[in-house]
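Worksheet: one structure, shown below.
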2 protein chains.
Amino acid sequence: MTVRRVHSRRVRIIGIGSGHPDQVTHEAAAALRGVAFVIAADKAGPDQPRDRLLEAREEIARRYGDVPVIKVSDPERDRDDVVDYRGAVRDWHEARVAAYEAVLVAHEGDAAFLVWGDPAFYDSTIRIVEGIQRRGRVSFEYDVIPGISSVQVLAARHRIVLHEVGQPILITTGRRLSEAVDQGHDNIVVMLDGNLACVELEGEWQIWWGANLGTADERLVSGRLADVRDELRVQRDTAKGTSGWVMDTYLLRRPVPQVVAASGDND
Amino acid sequence: MTVRRVHSRRVRIIGIGSGHPDQVTHEAAAALRGVAFVIAADKAGPDQPRDRLLEAREEIARRYGDVPVIKVSDPERDRDDVVDYRGAVRDWHEARVAAYEAVLVAHEGDAAFLVWGDPAFYDSTIRIVEGIQRRGRVSFEYDVIPGISSVQVLAARHRIVLHEVGQPILITTGRRLSEAVDQGHDNIVVMLDGNLACVELEGEWQIWWGANLGTADERLVSGRLADVRDELRVQRDTAKGTSGWVMDTYLLRRPVPQVVAASGDND
């Protein structure tokens, strides 16, 4: 009897960095070259004639292996349902799972999702793929390939370490920023913020801010928060106007008395 | 009159990821190809015949552009000076600054430092380069190129998002873990830990642990902390025995009542 080992179908969740094709790792490029197709959300619609995040994914798929991109119209999300907010989000999540599952049913071969930044930070792709697997209609294995997150691009552009020597870093969302401040954190990275929550902060803070990091329209601002509030608003609006979208990331730090270099660093 | 624009000398601080050459980004590889030489610490000595972290850097320098590596013996650090711990660290830091400066004085052209993981997390290279610049003996510009950090490899290997939906993440060191727990954090990433501080923790925790992530000797453990304490010790010792060094990174999370998928995710 001959036992033939069958290669399982693979779904690969690939972090692509902040969108610039050069930020892709060699590991991610090799994974991308090996798949039959990429699945990507298409958010273009009446309100938004072009989906530029999709276009950036298409550029990366073209550059690394000329891999076809299968576009999936993003399900409508009922943002007005304030009564059952969680229910609305859950329905939207389920609709996405079903839409991506349909692509895996209709097309053969290994597939990839290209995730902006890193799949480990504030991204739902891993949960969506788990959701498809749980439904059991298509059989596959999946893996995750890390990518450069916007936090790292922020730090690199400002040429900073994200913490004082040996100190902790809190990473949170704009929605939870005030909670983090109330808890006494003095070194806070904010990754998802629709409304520049930082401009409402009181007290003495330093800020290192970036929008659309890694793209041609990247914007950087740093300084005393009290001095740069208006500049932040202007730069954020300009980035949105130029790119058609804006994603900003920032580090807030309370100034502490200067201490001499101490331990706690790697290397 | 002819004005000739002189290209300033550049020092490039390049994140190389967790050591596997495939984890290098295309941006980092291009930067590396463009320099005249790499400066790297050499920690080999009587107690340690080979410096394998140096060897990994040499492999990356060879693979991406066959760039010469100038080795600098790492200054002795007086780890016994418990009376003036900060003073001892400062002296050691200054000795490194002077040693690297000497290389920049002796050799012409752009230079690179290859940083394990990402220069923004618990690494001293940016501070060292700032230190050289402050002394003013050599003139240069410097920039930073992000790399995949071990936290991201940890998350990718375990196929997890580093936080529950929309929740914050605290990144800290082994030395400060108990402080973070006392403050009530229930989602903690530990990046620098010489002694598996987590095994001393009480209470109910889940752990996702990894050692020498991204290398051939990578080790992974996950589960209830209470169930895997011994396994962690064994795997850490084995990694150290096999690789000659060990670096571990882990996520600790208090189990919380399951909630339905909520918002706060990107994309």
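A note on labels: chains of the structure tokens are A, B, ... as shown, every chain counts residues from 1, and ligands are counted from 1 in their shown order.
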Original post:
What are the residues of chain B that have an atom within 7 Å of an atom of chain A, counting only C-alpha atoms, as an MDAnalysis selection string?
Top reply: chainID B and resid 22:27 86 89:90 119:124 143:148 152:153 155:157 159:162 166:173 261:263 265:267
Just C-alpha atoms for this one: save the residues we selected as a compact mmCIF listing (two decimals), in the first residue's frame.
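That gives us part-v1.txt:
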# COMPACT_ATOMS: atom_id res chain seq x y z
CA ASP B 22 14.66 35.99 6.09
CA GLN B 23 13.23 38.29 8.72
CA VAL B 24 15.16 41.24 7.36
CA THR B 25 12.95 43.74 5.50
CA HIS B 26 13.76 44.86 1.97
CA GLU B 27 14.32 48.37 3.33
CA ARG B 86 24.42 52.93 38.04
CA VAL B 89 26.64 50.83 33.94
CA ARG B 90 27.45 54.41 32.97
CA PRO B 119 15.92 49.43 17.88
CA ALA B 120 12.87 50.93 19.64
CA PHE B 121 12.48 48.23 22.30
CA TYR B 122 14.98 47.77 25.14
CA ASP B 123 18.07 48.34 23.05
CA SER B 124 20.86 50.83 23.69
CA ASP B 143 18.78 57.18 10.85
CA VAL B 144 16.85 54.18 12.14
CA ILE B 145 15.27 51.34 10.18
CA PRO B 146 12.70 49.24 12.03
CA GLY B 147 12.96 45.46 12.38
CA ILE B 148 10.68 42.66 13.53
CA GLN B 152 5.96 39.98 17.12
CA VAL B 153 7.59 36.63 16.38
CA ALA B 155 2.62 36.39 18.63
CA ALA B 156 3.02 35.04 15.09
CA ARG B 157 4.25 31.63 16.23
CA ARG B 159 -0.99 32.78 16.13
CA ILE B 160 -2.39 35.25 18.63
CA VAL B 161 -3.29 38.91 18.81
CA LEU B 162 -1.37 40.43 21.73
CA GLY B 166 -9.71 46.72 22.08
CA GLN B 167 -7.70 46.18 25.31
CA PRO B 168 -4.31 47.67 26.20
CA ILE B 169 -0.97 45.82 26.27
CA LEU B 170 1.72 46.51 28.83
CA ILE B 171 5.27 45.75 27.66
CA THR B 172 7.79 45.51 30.48
CA THR B 173 10.91 43.74 31.76
CA ALA B 261 -16.39 40.09 19.45
CA ALA B 262 -16.51 43.81 20.04
CA SER B 263 -15.00 46.78 18.32
CA ASP B 265 -9.89 46.59 15.89
CA ASN B 266 -8.24 48.08 12.94
CA ASP B 267 -9.34 47.35 9.40
Residue with the minimum atom-to-atom distance to A:Ser73, picked from A:Asp42, A:Asp186, A:Glu101, A:Glu55 with only C-alpha atoms counted, is A:Asp42
If you count only C-alpha atoms, the residue of A:Leu32, A:Leu196, A:Leu201, A:Val83 closest to A:Val234 turns out to be A:Leu196
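Between atom CA of A:Lys240 and atom CA of A:Leu225 there is a distance of 20.9 Å.
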Fill in: Residue set, stretch 60-255 of chain A restricted to alpha helix (DSSP H), as a PyMOL selection string
chain A and resi 60-63+85-106+125-135+150-158+177-182+225-243
Next item on the list: Select from stretch 67-264 of chain B everything DSSP, run on the backbone, classes as strand (DSSP E), then give the selection as number ranges by chain.
Entry: B: 69-73, 111-115, 141-145, 169-173, 187-192, 206-211, 219-224, 248-253
Mind dumping the selected residues with N, CA and C atoms as a short mmCIF file (atom, residue, chain, number, x, y, z; two decimals), in the first residue's frame?
data_model
loop_
_atom_site.label_atom_id
_atom_site.label_comp_id
_atom_site.auth_asym_id
_atom_site.auth_seq_id
_atom_site.Cartn_x
_atom_site.Cartn_y
_atom_site.Cartn_z
N VAL B 69 32.46 43.29 8.27
CA VAL B 69 32.05 43.52 9.66
C VAL B 69 33.30 43.85 10.48
N ILE B 70 33.30 45.01 11.09
CA ILE B 70 34.40 45.39 11.96
C ILE B 70 34.00 45.08 13.40
N LYS B 71 34.76 44.17 13.99
CA LYS B 71 34.39 43.68 15.32
C LYS B 71 35.03 44.53 16.39
N VAL B 72 34.26 44.80 17.42
CA VAL B 72 34.75 45.61 18.53
C VAL B 72 34.58 44.77 19.80
N SER B 73 35.68 44.50 20.47
CA SER B 73 35.57 43.73 21.71
C SER B 73 34.73 44.50 22.70
N ALA B 111 28.39 53.73 7.82
CA ALA B 111 28.49 52.56 8.71
C ALA B 111 27.11 52.13 9.15
N ALA B 112 26.99 50.84 9.51
CA ALA B 112 25.71 50.35 10.05
C ALA B 112 25.92 49.59 11.35
N PHE B 113 24.97 49.73 12.23
CA PHE B 113 24.83 48.85 13.39
C PHE B 113 23.63 47.94 13.10
N LEU B 114 23.81 46.64 13.30
CA LEU B 114 22.71 45.70 13.09
C LEU B 114 22.12 45.35 14.46
N VAL B 115 20.88 45.76 14.67
CA VAL B 115 20.25 45.58 15.97
C VAL B 115 19.30 44.38 15.94
N GLU B 141 25.36 61.99 10.06
CA GLU B 141 23.92 61.93 10.30
C GLU B 141 23.57 60.49 10.63
N TYR B 142 22.47 60.27 11.30
CA TYR B 142 22.07 58.86 11.51
C TYR B 142 20.58 58.70 11.32
N ASP B 143 20.20 57.50 10.95
CA ASP B 143 18.78 57.18 10.85
C ASP B 143 18.54 55.78 11.39
N VAL B 144 17.26 55.44 11.51
CA VAL B 144 16.85 54.18 12.14
C VAL B 144 15.91 53.44 11.20
N ILE B 145 16.13 52.15 11.04
CA ILE B 145 15.27 51.34 10.18
C ILE B 145 14.66 50.24 11.05
N ILE B 169 -2.07 46.77 26.07
CA ILE B 169 -0.97 45.82 26.27
C ILE B 169 0.09 46.56 27.08
N LEU B 170 0.58 45.95 28.13
CA LEU B 170 1.72 46.51 28.83
C LEU B 170 2.96 45.71 28.43
N ILE B 171 3.99 46.41 27.96
CA ILE B 171 5.27 45.75 27.66
C ILE B 171 6.25 46.15 28.76
N THR B 172 6.87 45.18 29.40
CA THR B 172 7.79 45.51 30.48
C THR B 172 8.93 44.49 30.55
N THR B 173 9.75 44.62 31.59
CA THR B 173 10.91 43.74 31.76
C THR B 173 10.63 42.74 32.88
N ASN B 187 -2.70 41.90 31.07
CA ASN B 187 -2.22 41.51 29.74
C ASN B 187 -0.82 42.10 29.59
N ILE B 188 0.18 41.28 29.87
CA ILE B 188 1.54 41.79 30.06
C ILE B 188 2.52 41.04 29.16
N VAL B 189 3.28 41.78 28.39
CA VAL B 189 4.36 41.19 27.60
C VAL B 189 5.68 41.44 28.33
N VAL B 190 6.46 40.41 28.52
CA VAL B 190 7.75 40.54 29.19
C VAL B 190 8.86 40.30 28.16
N MET B 191 9.75 41.29 28.03
CA MET B 191 10.76 41.22 26.97
C MET B 191 12.16 40.92 27.45
N LEU B 192 12.52 41.35 28.63
CA LEU B 192 13.88 41.12 29.11
C LEU B 192 13.75 40.43 30.44
N GLN B 206 -2.70 32.73 32.01
CA GLN B 206 -2.32 31.99 30.78
C GLN B 206 -0.98 32.54 30.32
N ILE B 207 -0.15 31.69 29.76
CA ILE B 207 1.13 32.17 29.24
C ILE B 207 1.35 31.67 27.82
N TRP B 208 1.94 32.55 27.00
CA TRP B 208 2.44 32.18 25.68
C TRP B 208 3.91 32.57 25.68
N TRP B 209 4.77 31.60 25.63
CA TRP B 209 6.19 31.81 25.87
C TRP B 209 7.00 31.36 24.65
N GLY B 210 8.11 32.03 24.41
CA GLY B 210 9.01 31.60 23.34
C GLY B 210 10.45 31.95 23.67
N ALA B 211 11.37 31.09 23.28
CA ALA B 211 12.80 31.36 23.48
C ALA B 211 13.53 31.24 22.15
N ARG B 219 11.99 27.70 20.80
CA ARG B 219 11.17 26.87 21.70
C ARG B 219 9.88 27.61 21.99
N LEU B 220 8.77 26.89 22.01
CA LEU B 220 7.47 27.50 22.30
C LEU B 220 6.76 26.70 23.39
N VAL B 221 6.14 27.39 24.31
CA VAL B 221 5.30 26.74 25.31
C VAL B 221 4.09 27.64 25.51
N SER B 222 2.90 27.05 25.65
CA SER B 222 1.74 27.85 26.04
C SER B 222 0.82 27.01 26.91
N GLY B 223 0.01 27.69 27.71
CA GLY B 223 -0.95 26.98 28.55
C GLY B 223 -1.19 27.72 29.84
N ARG B 224 -1.85 27.04 30.78
CA ARG B 224 -2.03 27.62 32.12
C ARG B 224 -0.67 27.68 32.78
N ASP B 248 14.31 34.96 26.07
CA ASP B 248 12.89 34.57 26.01
C ASP B 248 11.97 35.78 26.15
N THR B 249 10.81 35.62 25.61
CA THR B 249 9.79 36.66 25.53
C THR B 249 8.47 35.97 25.81
N TYR B 250 7.58 36.63 26.54
CA TYR B 250 6.30 35.97 26.77
C TYR B 250 5.16 36.94 27.02
N LEU B 251 3.97 36.42 26.80
CA LEU B 251 2.74 37.15 27.09
C LEU B 251 2.05 36.44 28.25
N LEU B 252 1.66 37.20 29.26
CA LEU B 252 0.86 36.68 30.37
C LEU B 252 -0.51 37.34 30.32
N ARG B 253 -1.53 36.54 30.51
CA ARG B 253 -2.89 37.12 30.48
C ARG B 253 -3.74 36.44 31.54
#
